[in-house]
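Undergrad: Structure supplied as data-v9.pdb; contents: PDB, C-alpha atoms and all ligand atoms.
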```
ATOM      1  CA  MET A   1      22.464-108.652  67.170
ATOM      2  CA  SER A   2      19.820-109.718  64.735
ATOM      3  CA  GLY A   3      20.568-110.659  61.163
ATOM      4  CA  LYS A   4      23.194-112.889  59.682
ATOM      5  CA  GLU A   5      25.097-114.357  62.642
ATOM      6  CA  ASP A   6      27.313-116.564  60.457
ATOM      7  CA  TYR A   7      28.904-113.792  58.370
ATOM      8  CA  LEU A   8      32.524-114.929  57.986
ATOM      9  CA  LEU A   9      34.436-111.994  59.488
ATOM     10  CA  GLY A  10      32.077-111.560  62.436
ATOM     11  CA  VAL A  11      30.627-108.420  63.994
ATOM     12  CA  ASN A  12      32.318-106.900  67.030
ATOM     13  CA  GLU A  13      34.247-103.859  68.277
ATOM     14  CA  ALA A  14      37.666-105.174  67.109
ATOM     15  CA  GLU A  15      36.341-105.853  63.602
ATOM     16  CA  LEU A  16      34.721-102.392  63.530
ATOM     17  CA  GLU A  17      38.066-100.772  64.327
ATOM     18  CA  ARG A  18      39.735-102.903  61.648
ATOM     19  CA  LEU A  19      37.110-101.731  59.119
ATOM     20  CA  ARG A  20      37.717 -98.101  60.115
ATOM     21  CA  PHE A  21      41.457 -98.411  59.465
ATOM     22  CA  GLN A  22      40.819-100.390  56.263
ATOM     23  CA  HIS A  23      38.570 -97.606  55.026
ATOM     24  CA  TRP A  24      41.297 -95.047  55.659
ATOM     25  CA  VAL A  25      43.926 -97.099  53.786
ATOM     26  CA  TRP A  26      41.730 -97.817  50.749
ATOM     27  CA  LYS A  27      39.701 -94.572  50.707
ATOM     28  CA  LYS A  28      41.619 -93.077  47.792
ATOM     29  CA  VAL A  29      40.853 -96.138  45.633
ATOM     30  CA  THR A  30      37.142 -95.883  46.446
ATOM     31  CA  ASP A  31      37.128 -92.092  45.942
ATOM     32  CA  ASN A  32      38.720 -92.562  42.512
ATOM     33  CA  LEU A  33      35.928 -94.931  41.496
ATOM     34  CA  PHE A  34      33.270 -92.476  42.744
ATOM     35  CA  ASP A  35      35.010 -89.703  40.764
ATOM     36  CA  ARG A  36      35.016 -91.773  37.573
ATOM     37  CA  VAL A  37      31.384 -92.812  38.026
ATOM     38  CA  GLY A  38      30.521 -89.175  38.739
ATOM     39  CA  VAL A  39      28.499 -89.493  41.964
ATOM     40  CA  LYS A  40      26.609 -86.208  42.120
ATOM     41  CA  GLN A  41      24.844 -83.856  44.506
ATOM     42  CA  GLY A  42      21.226 -84.924  44.875
ATOM     43  CA  TRP A  43      21.773 -88.609  44.050
ATOM     44  CA  LYS A  44      19.918 -91.350  45.923
ATOM     45  CA  CYS A  45      22.474 -93.987  46.939
ATOM     46  CA  LEU A  46      22.299 -97.468  48.458
ATOM     47  CA  ASP A  47      25.423 -98.655  50.303
ATOM     48  CA  VAL A  48      24.987-102.432  50.551
ATOM     49  CA  GLY A  49      26.779-104.320  53.327
ATOM     50  CA  SER A  50      27.660-100.916  54.708
ATOM     51  CA  GLY A  51      29.069-102.224  57.987
ATOM     52  CA  PRO A  52      29.528 -99.164  60.247
ATOM     53  CA  GLY A  53      28.960 -96.943  57.210
ATOM     54  CA  PHE A  54      32.332 -95.357  56.488
ATOM     55  CA  VAL A  55      31.473 -95.386  52.773
ATOM     56  CA  SER A  56      27.881 -94.278  53.471
ATOM     57  CA  MET A  57      29.231 -91.165  55.190
ATOM     58  CA  ASP A  58      31.586 -90.421  52.271
ATOM     59  CA  LEU A  59      28.638 -90.797  49.906
ATOM     60  CA  ARG A  60      26.613 -88.374  52.037
ATOM     61  CA  ASP A  61      29.430 -85.849  51.651
ATOM     62  CA  ARG A  62      29.125 -86.224  47.889
ATOM     63  CA  VAL A  63      25.329 -86.165  47.497
ATOM     64  CA  GLY A  64      24.833 -83.293  49.969
ATOM     65  CA  GLU A  65      21.657 -82.187  51.705
ATOM     66  CA  LYS A  66      19.404 -82.797  48.719
ATOM     67  CA  GLY A  67      20.598 -86.352  48.117
ATOM     68  CA  GLU A  68      19.943 -89.454  50.161
ATOM     69  CA  VAL A  69      21.983 -92.432  51.379
ATOM     70  CA  THR A  70      20.598 -95.730  52.637
ATOM     71  CA  ALA A  71      22.978 -98.041  54.491
ATOM     72  CA  LEU A  72      21.882-101.683  54.310
ATOM     73  CA  ASP A  73      23.482-104.277  56.572
ATOM     74  CA  PRO A  74      22.411-107.413  58.486
ATOM     75  CA  SER A  75      24.148-106.128  61.621
ATOM     76  CA  ASP A  76      22.241-103.952  64.092
ATOM     77  CA  PHE A  77      25.519-103.436  65.937
ATOM     78  CA  TYR A  78      27.056-101.664  62.909
ATOM     79  CA  LEU A  79      23.858 -99.790  62.034
ATOM     80  CA  ASP A  80      23.415 -98.512  65.606
ATOM     81  CA  TRP A  81      26.980 -97.225  65.502
ATOM     82  CA  LEU A  82      26.247 -95.468  62.208
ATOM     83  CA  LYS A  83      23.013 -93.944  63.554
ATOM     84  CA  ASN A  84      25.008 -92.327  66.373
ATOM     85  CA  GLU A  85      27.515 -90.869  63.897
ATOM     86  CA  VAL A  86      24.736 -89.586  61.656
ATOM     87  CA  ASN A  87      22.902 -87.967  64.592
ATOM     88  CA  ALA A  88      26.124 -86.330  65.774
ATOM     89  CA  ARG A  89      26.515 -84.785  62.307
ATOM     90  CA  GLY A  90      22.889 -83.600  62.304
ATOM     91  CA  TRP A  91      22.133 -85.401  59.018
ATOM     92  CA  SER A  92      18.522 -86.312  58.268
ATOM     93  CA  ASN A  93      19.070 -87.974  54.892
ATOM     94  CA  VAL A  94      21.146 -91.024  55.863
ATOM     95  CA  HIS A  95      18.867 -93.984  56.530
ATOM     96  CA  CYS A  96      19.696 -97.368  58.018
ATOM     97  CA  LEU A  97      18.032-100.542  56.813
ATOM     98  CA  GLN A  98      18.631-103.847  58.556
ATOM     99  CA  GLY A  99      18.615-106.895  56.281
ATOM    100  CA  GLN A 100      20.440-108.932  53.708
ATOM    101  CA  ALA A 101      20.907-107.760  50.141
ATOM    102  CA  GLU A 102      19.401-110.930  48.675
ATOM    103  CA  ASP A 103      15.918-110.302  50.107
ATOM    104  CA  ALA A 104      15.884-106.801  51.624
ATOM    105  CA  ASP A 105      12.703-104.784  51.293
ATOM    106  CA  LEU A 106      13.957-102.247  48.726
ATOM    107  CA  PRO A 107      12.002 -99.800  46.569
ATOM    108  CA  LEU A 108      11.897-100.758  42.867
ATOM    109  CA  ARG A 109      13.600 -98.624  40.164
ATOM    110  CA  ASN A 110      14.587 -96.050  42.748
ATOM    111  CA  TYR A 111      18.337 -95.546  43.334
ATOM    112  CA  ASP A 112      20.735 -93.534  41.175
ATOM    113  CA  PHE A 113      23.666 -95.486  42.615
ATOM    114  CA  VAL A 114      23.944 -98.907  44.254
ATOM    115  CA  PHE A 115      27.359 -99.731  45.698
ATOM    116  CA  PHE A 116      28.943-102.601  47.648
ATOM    117  CA  ARG A 117      32.560-102.898  48.791
ATOM    118  CA  TRP A 118      33.955-106.148  50.216
ATOM    119  CA  VAL A 119      30.554-107.799  50.503
ATOM    120  CA  ILE A 120      29.689-109.960  47.498
ATOM    121  CA  ALA A 121      32.801-112.169  47.917
ATOM    122  CA  PHE A 122      31.204-113.468  51.147
ATOM    123  CA  VAL A 123      27.766-114.430  49.868
ATOM    124  CA  PRO A 124      26.849-117.961  48.750
ATOM    125  CA  ASP A 125      24.527-116.849  45.909
ATOM    126  CA  ALA A 126      26.138-113.854  44.221
ATOM    127  CA  GLU A 127      23.781-113.896  41.247
ATOM    128  CA  LYS A 128      20.698-113.620  43.479
ATOM    129  CA  PHE A 129      22.438-110.817  45.415
ATOM    130  CA  ILE A 130      23.021-108.742  42.256
ATOM    131  CA  ARG A 131      19.652-109.534  40.683
ATOM    132  CA  HIS A 132      17.757-108.286  43.753
ATOM    133  CA  LEU A 133      19.831-105.106  43.959
ATOM    134  CA  ALA A 134      19.572-104.376  40.227
ATOM    135  CA  ALA A 135      15.773-104.227  40.551
ATOM    136  CA  SER A 136      16.160-101.258  42.906
ATOM    137  CA  LEU A 137      18.189 -99.259  40.365
ATOM    138  CA  ARG A 138      16.420 -96.587  38.335
ATOM    139  CA  PRO A 139      16.789 -96.748  34.549
ATOM    140  CA  GLY A 140      20.054 -94.955  33.777
ATOM    141  CA  GLY A 141      21.328 -95.693  37.302
ATOM    142  CA  ILE A 142      24.738 -97.127  38.156
ATOM    143  CA  ILE A 143      25.646-100.248  40.108
ATOM    144  CA  ALA A 144      29.245-100.540  41.283
ATOM    145  CA  LEU A 145      31.400-102.653  43.554
ATOM    146  CA  GLN A 146      34.901-103.195  44.808
ATOM    147  CA  ASP A 147      36.049-106.680  45.712
ATOM    148  CA  TYR A 148      38.828-109.203  45.337
ATOM    149  CA  TRP A 149      40.433-111.035  42.508
ATOM    150  CA  TYR A 150      42.362-112.930  45.172
ATOM    151  CA  GLU A 151      45.723-112.966  43.403
ATOM    152  CA  GLY A 152      48.730-110.771  43.981
ATOM    153  CA  LEU A 153      48.931-111.214  47.771
ATOM    154  CA  SER A 154      52.646-111.828  48.377
ATOM    155  CA  LEU A 155      55.647-110.920  50.461
ATOM    156  CA  PHE A 156      59.242-110.222  49.519
ATOM    157  CA  PRO A 157      61.493-111.968  50.444
ATOM    158  CA  ARG A 158      59.940-115.141  49.080
ATOM    159  CA  GLY A 159      60.488-118.496  50.711
ATOM    160  CA  THR A 160      58.905-117.913  54.139
ATOM    161  CA  SER A 161      55.786-119.650  55.463
ATOM    162  CA  PHE A 162      53.856-116.561  54.275
ATOM    163  CA  ASP A 163      53.936-117.926  50.699
ATOM    164  CA  ARG A 164      51.149-120.374  51.631
ATOM    165  CA  LEU A 165      48.879-117.623  52.907
ATOM    166  CA  PRO A 166      46.958-116.822  49.687
ATOM    167  CA  ASP A 167      45.725-120.434  49.504
ATOM    168  CA  ILE A 168      44.699-120.323  53.168
ATOM    169  CA  VAL A 169      42.751-117.069  52.829
ATOM    170  CA  ARG A 170      40.995-118.353  49.698
ATOM    171  CA  ALA A 171      40.004-121.488  51.643
ATOM    172  CA  TYR A 172      38.749-119.222  54.480
ATOM    173  CA  TYR A 173      36.459-117.362  52.066
ATOM    174  CA  ARG A 174      35.188-120.615  50.579
ATOM    175  CA  ALA A 175      34.556-122.055  54.064
ATOM    176  CA  GLY A 176      32.054-119.216  54.582
ATOM    177  CA  GLY A 177      30.338-119.984  51.246
ATOM    178  CA  GLY A 178      32.042-117.098  49.425
ATOM    179  CA  ASP A 179      34.175-116.792  46.298
ATOM    180  CA  PRO A 180      37.640-115.143  46.415
ATOM    181  CA  TYR A 181      37.500-114.747  42.605
ATOM    182  CA  ILE A 182      34.009-113.235  42.517
ATOM    183  CA  THR A 183      35.029-110.204  40.450
ATOM    184  CA  GLY A 184      35.710-112.477  37.472
ATOM    185  CA  ARG A 185      32.003-113.411  37.358
ATOM    186  CA  ILE A 186      30.398-109.973  37.583
ATOM    187  CA  SER A 187      30.450-108.996  33.902
ATOM    188  CA  SER A 188      28.437-112.109  32.981
ATOM    189  CA  PHE A 189      25.854-111.256  35.701
ATOM    190  CA  PHE A 190      25.658-107.729  34.307
ATOM    191  CA  ARG A 191      25.145-109.000  30.757
ATOM    192  CA  GLU A 192      22.292-111.287  31.827
ATOM    193  CA  LEU A 193      20.610-108.340  33.577
ATOM    194  CA  GLY A 194      21.069-105.992  30.622
ATOM    195  CA  ILE A 195      23.551-103.834  32.534
ATOM    196  CA  ARG A 196      26.292-102.209  30.426
ATOM    197  CA  LEU A 197      29.801-102.572  31.846
ATOM    198  CA  ILE A 198      31.366 -99.085  32.100
ATOM    199  CA  ASP A 199      34.368 -99.638  34.380
ATOM    200  CA  PHE A 200      36.648-102.575  35.232
ATOM    201  CA  THR A 201      39.817-101.444  37.012
ATOM    202  CA  PRO A 202      42.156-103.614  39.096
ATOM    203  CA  ASN A 203      44.038-101.980  41.998
ATOM    204  CA  GLN A 204      46.952-103.177  44.069
ATOM    205  CA  ILE A 205      48.837-101.423  46.874
ATOM    206  CA  ALA A 206      52.332-102.386  48.036
ATOM    207  CA  GLY A 207      54.630-101.118  50.769
ATOM    208  CA  GLY A 208      57.328-101.837  53.325
ATOM    209  CA  PRO A 209      57.048-102.543  57.068
ATOM    210  CA  GLN A 210      56.327 -98.889  57.943
ATOM    211  CA  SER A 211      53.568 -98.429  55.360
ATOM    212  CA  ASP A 212      49.828 -98.226  56.001
ATOM    213  CA  ILE A 213      49.197-101.187  53.714
ATOM    214  CA  TRP A 214      51.513-103.305  55.870
ATOM    215  CA  GLU A 215      49.615-102.248  58.969
ATOM    216  CA  TRP A 216      46.311-103.028  57.216
ATOM    217  CA  VAL A 217      47.279-106.609  56.539
ATOM    218  CA  HIS A 218      48.871-106.930  59.983
ATOM    219  CA  ARG A 219      45.515-106.082  61.579
ATOM    220  CA  PHE A 220      43.706-108.558  59.337
ATOM    221  CA  PHE A 221      46.048-111.451  60.062
ATOM    222  CA  THR A 222      46.372-110.923  63.792
ATOM    223  CA  LEU A 223      42.567-110.844  64.084
ATOM    224  CA  HIS A 224      41.682-113.503  61.520
ATOM    225  CA  LEU A 225      44.515-116.070  61.370
ATOM    226  CA  PRO A 226      43.422-117.547  64.731
ATOM    227  CA  LEU A 227      39.851-117.697  63.352
ATOM    228  CA  MET A 228      41.109-119.406  60.190
ATOM    229  CA  ALA A 229      42.710-122.039  62.453
ATOM    230  CA  GLN A 230      39.414-122.400  64.355
ATOM    231  CA  LYS A 231      37.632-122.994  61.040
ATOM    232  CA  GLY A 232      40.211-125.659  60.173
ATOM    233  CA  VAL A 233      41.521-124.054  56.967
ATOM    234  CA  VAL A 234      44.995-123.968  58.536
ATOM    235  CA  SER A 235      46.467-125.849  61.507
ATOM    236  CA  LYS A 236      47.140-123.828  64.646
ATOM    237  CA  LYS A 237      50.833-124.719  64.316
ATOM    238  CA  GLU A 238      51.046-123.368  60.752
ATOM    239  CA  ALA A 239      49.039-120.246  61.675
ATOM    240  CA  ASP A 240      51.482-119.551  64.542
ATOM    241  CA  THR A 241      54.476-120.060  62.229
ATOM    242  CA  ILE A 242      53.053-117.708  59.588
ATOM    243  CA  LEU A 243      52.334-115.031  62.197
ATOM    244  CA  ALA A 244      55.838-115.377  63.678
ATOM    245  CA  ASP A 245      57.476-115.141  60.208
ATOM    246  CA  TRP A 246      55.278-112.168  59.327
ATOM    247  CA  VAL A 247      56.106-110.315  62.559
ATOM    248  CA  ALA A 248      59.827-111.052  62.053
ATOM    249  CA  GLN A 249      59.729-109.440  58.578
ATOM    250  CA  ARG A 250      58.659-106.159  60.176
ATOM    251  CA  ALA A 251      62.258-105.740  61.310
ATOM    252  CA  ASN A 252      63.485-106.189  57.728
ATOM    253  CA  PRO A 253      63.667-102.741  56.087
ATOM    254  CA  ASP A 254      63.835-104.372  52.630
ATOM    255  CA  ALA A 255      60.659-106.420  52.998
ATOM    256  CA  VAL A 256      57.748-105.540  50.669
ATOM    257  CA  TYR A 257      54.112-106.571  51.042
ATOM    258  CA  PHE A 258      51.836-106.699  47.975
ATOM    259  CA  SER A 259      48.085-106.575  48.610
ATOM    260  CA  PRO A 260      45.592-108.812  46.837
ATOM    261  CA  ILE A 261      44.033-107.234  43.760
ATOM    262  CA  VAL A 262      40.882-105.206  44.463
ATOM    263  CA  VAL A 263      38.795-104.691  41.331
ATOM    264  CA  ASP A 264      36.508-101.699  40.733
ATOM    265  CA  ILE A 265      33.534-102.658  38.597
ATOM    266  CA  ALA A 266      30.683-100.406  37.469
ATOM    267  CA  GLY A 267      27.718-100.921  35.180
ATOM    268  CA  GLU A 268      24.886 -98.751  33.911
ATOM    269  CA  LEU A 269      21.269 -99.792  33.513
ATOM    270  CA  PRO A 270      20.064 -98.413  30.175
ATOM    271  CA  ALA A 271      17.627 -95.507  30.532
TER     272      ALA A 271
HETATM  273  C1  LIG B   1      34.087-106.594  55.203
HETATM  274  S1  LIG B   1      32.628-105.758  55.712
HETATM  275  C2  LIG B   1      32.674-104.343  54.610
HETATM  276  C3  LIG B   1      31.920-103.153  55.155
HETATM  277  C4  LIG B   1      31.863-101.941  54.218
HETATM  278  N1  LIG B   1      31.244-102.278  52.948
HETATM  279  C5  LIG B   1      33.220-101.345  53.983
HETATM  280  O1  LIG B   1      33.732-101.411  52.868
HETATM  281  O2  LIG B   1      33.785-100.772  54.945
HETATM  282  C6  LIG B   1      31.304-106.731  55.049
HETATM  283  C7  LIG B   1      29.909-106.295  55.485
HETATM  284  O3  LIG B   1      28.951-107.029  54.715
HETATM  285  C8  LIG B   1      27.850-107.335  55.552
HETATM  286  N2  LIG B   1      27.145-108.484  54.918
HETATM  287  C9  LIG B   1      27.458-109.791  54.979
HETATM  288  N3  LIG B   1      26.584-110.522  54.273
HETATM  289  C10 LIG B   1      25.698-109.642  53.727
HETATM  290  C11 LIG B   1      24.538-109.785  52.884
HETATM  291  N4  LIG B   1      24.144-110.968  52.470
HETATM  292  N5  LIG B   1      23.867-108.657  52.529
HETATM  293  C12 LIG B   1      24.292-107.436  52.956
HETATM  294  N6  LIG B   1      25.374-107.261  53.736
HETATM  295  C13 LIG B   1      26.065-108.340  54.127
HETATM  296  C14 LIG B   1      28.469-107.605  56.904
HETATM  297  O4  LIG B   1      27.539-107.479  57.966
HETATM  298  C15 LIG B   1      29.581-106.559  56.941
HETATM  299  O5  LIG B   1      29.127-105.378  57.549
END
```
Using structure tokens, write down the structure that the file contains.
Ligand SMILES: C[S@@+](CC[C@H](N)C(=O)[O-])C[C@H]1O[C@@H](n2cnc3c(N)ncnc32)[C@H](O)[C@@H]1O
TA:
Amino acid sequence: MSGKEDYLLGVNEAELERLRFQHWVWKKVTDNLFDRVGVKQGWKCLDVGSGPGFVSMDLRDRVGEKGEVTALDPSDFYLDWLKNEVNARGWSNVHCLQGQAEDADLPLRNYDFVFFRWVIAFVPDAEKFIRHLAASLRPGGIIALQDYWYEGLSLFPRGTSFDRLPDIVRAYYRAGGGDPYITGRISSFFRELGIRLIDFTPNQIAGGPQSDIWEWVHRFFTLHLPLMAQKGVVSKKEADTILADWVAQRANPDAVYFSPIVVDIAGELPA
């Protein structure tokens, strides 16, 4: 792989499969944002931090044959996977660009829509990230994102070792140079860039042990709690205890998991 080797969540087959499932669980939330923004046939879109491109492919469905989608990611592994999918579908208007958002070689004043989901919370200089992307937006174009306001993550019943988890995950994000509260800062970035805020919508999903949202978080913790211990944001002993308590709650039909808040944000560059 070339590109950013130190990206917090890593790049590998297991993470790709986790992203695929995550996309399926949260797709309705993303679709709702695209509906409100009004992504149209013929639009030129940039999907930033696309990963394997699950959102890029949804955008291609929306913009059709006359539109265009560029997937930008530091990972050749994800982009190669996307290229295979795109070839299998016979699409000629989905392009892959390897690089980081902060300094990617992007055309100026070009895109109708620039989007990034679960990316900007990982980057050390979020302002630079947005500033560089905003320059690629055409006048009248829309820039939108979905990311965390890392509150709300909780489990009923209270009082298990799980209650400490939000602090641990926030420390995990910060250990990678990111900001688990990044969505609180976006409107000030927009204002400085002359972008008009047109949407700010928090989302939260909750469900019991048989729900998709439970399975989503299960896949995240089983993959990433050991990595959090490796990074030293939690001891191995505490990580093992949290995982054991979490797994035990699966047998409790009354347990409820509440996701962290994911905020939709969209802004429009004046024409
Ligand atoms: C959690 S994944 C989300 C993937 C995709 N946006 C989605 O919602 O399914 C984060 C992605 O951001 C990419 N990434 C990390 N740092 C980046 C940067 N500075 N610029 C662009 N992409 C970045 C990673 O390679 C990874 O594919």
Undergrad: Which residue out of A:Gly141, A:Gly42, A:Gly178, A:Gly90 has the minimum interatomic distance to ligand LIG 1 (chain B) when all atoms listed in the file are used?
TA: A:Gly178
Undergrad: Counting only C-alpha atoms and all ligand atoms, what residues are within 8 Å of ligand LIG 1 (chain B), given as an MDAnalysis selection string?
TA: chainID A and resid 4 7:11 19:20 22:23 47:55 72:75 78 99:102 116:120 122:123 129
Undergrad: Could you check the closest approach to Arg89 (chain A) for each of A:Asp240, A:Ser188, A:Glu65, A:Thr70 and tell me which residue wins, using only C-alpha atoms?
TA: A:Glu65
Undergrad: Return as a list in words the set of residues that the PyMOL selection byres (((chain A and resi 174) around 10) and not hetatm) yields on the displayed structure.
TA: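 With the PyMOL selection byres (((chain A and resi 174) around 10) and not hetatm) on this model, the match is Leu8, Ala121, Phe122, Val123, Pro124, Ile168, Val169, Arg170, Ala171, Tyr172, Tyr173, Ala175, Gly176, Gly177, Gly178, Asp179, Pro180 and Val233 of chain A.
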Undergrad: Considering all atoms listed in the file, return as a ChimeraX atom specification whatever protein or nucleic-acid residues lie within 7 Å of region 105-110 of chain A, sequence-local ones (same chain, fewer than 4 positions apart) excluded.
TA: /A:135-139
Undergrad: Can you translate the PyMOL selection byres (((chain A and resi 268) around 8) and not hetatm) into the concrete residues it hits in this file, as an NGL selection string?
TA: :A and (140-143 or 195-198 or 266-267 or 269-270)
Undergrad: With 3 Å on each side, where is the centre of the axis-aligned box around all listed atoms of region 194-204 of chain A, and how long are its edges in Å to one decimal, as AutoDock Vina command-line options?
TA:
```
--center_x 34.0 --center_y -102.5 --center_z 37.2 --size_x 31.9 --size_y 12.9 --size_z 19.6
```
Undergrad: Near region 211-228 of chain A, counting all atoms listed in the file, which residues have an atom at most 7 Å away, once you skip same-chain residues fewer than 5 positions from it, shown as a compact mmCIF listing (two decimals) with C-alpha atoms, keeping the file's coordinate frame?
TA:
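Ended up saving to result_39.txt:
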```
# COMPACT_ATOMS: atom_id res chain seq x y z
CA ARG A 18 39.74 -102.90 61.65
CA GLN A 22 40.82 -100.39 56.26
CA VAL A 25 43.93 -97.10 53.79
CA TYR A 172 38.75 -119.22 54.48
CA ILE A 205 48.84 -101.42 46.87
CA ALA A 206 52.33 -102.39 48.04
CA VAL A 233 41.52 -124.05 56.97
CA VAL A 234 45.00 -123.97 58.54
CA ALA A 239 49.04 -120.25 61.68
CA TYR A 257 54.11 -106.57 51.04
```
Undergrad: Run the PyMOL selection byres (((chain A and resi 209) around 7) and not hetatm) on the file and write out the hits as number ranges by chain.
TA: A: 207-208, 210-211, 214, 250, 253, 255
Undergrad: Looking at all atoms listed in the file, which of A:Gly64, A:Pro260, A:Gly232, A:Pro202 is the one that sits closest to Val29 (chain A)?
TA: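 When distances to Val29 (chain A) are compared using all atoms listed in the file, the smallest one comes from A:Pro202.
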Undergrad: So what do you get for CA of Leu153 (chain A) versus CA of Ser259 (chain A), distance-wise?
TA: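 Calculated distance between CA of Leu153 (chain A) and CA of Ser259 (chain A) is 4.8 Å.
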Undergrad: Just to confirm, what's the straight-line distance from CA of Trp246 (chain A) to CA of Thr183 (chain A) in Å (one decimal)?
TA: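 Atom-to-atom, CA of Trp246 (chain A) and CA of Thr183 (chain A) are spaced 27.8 Å apart.
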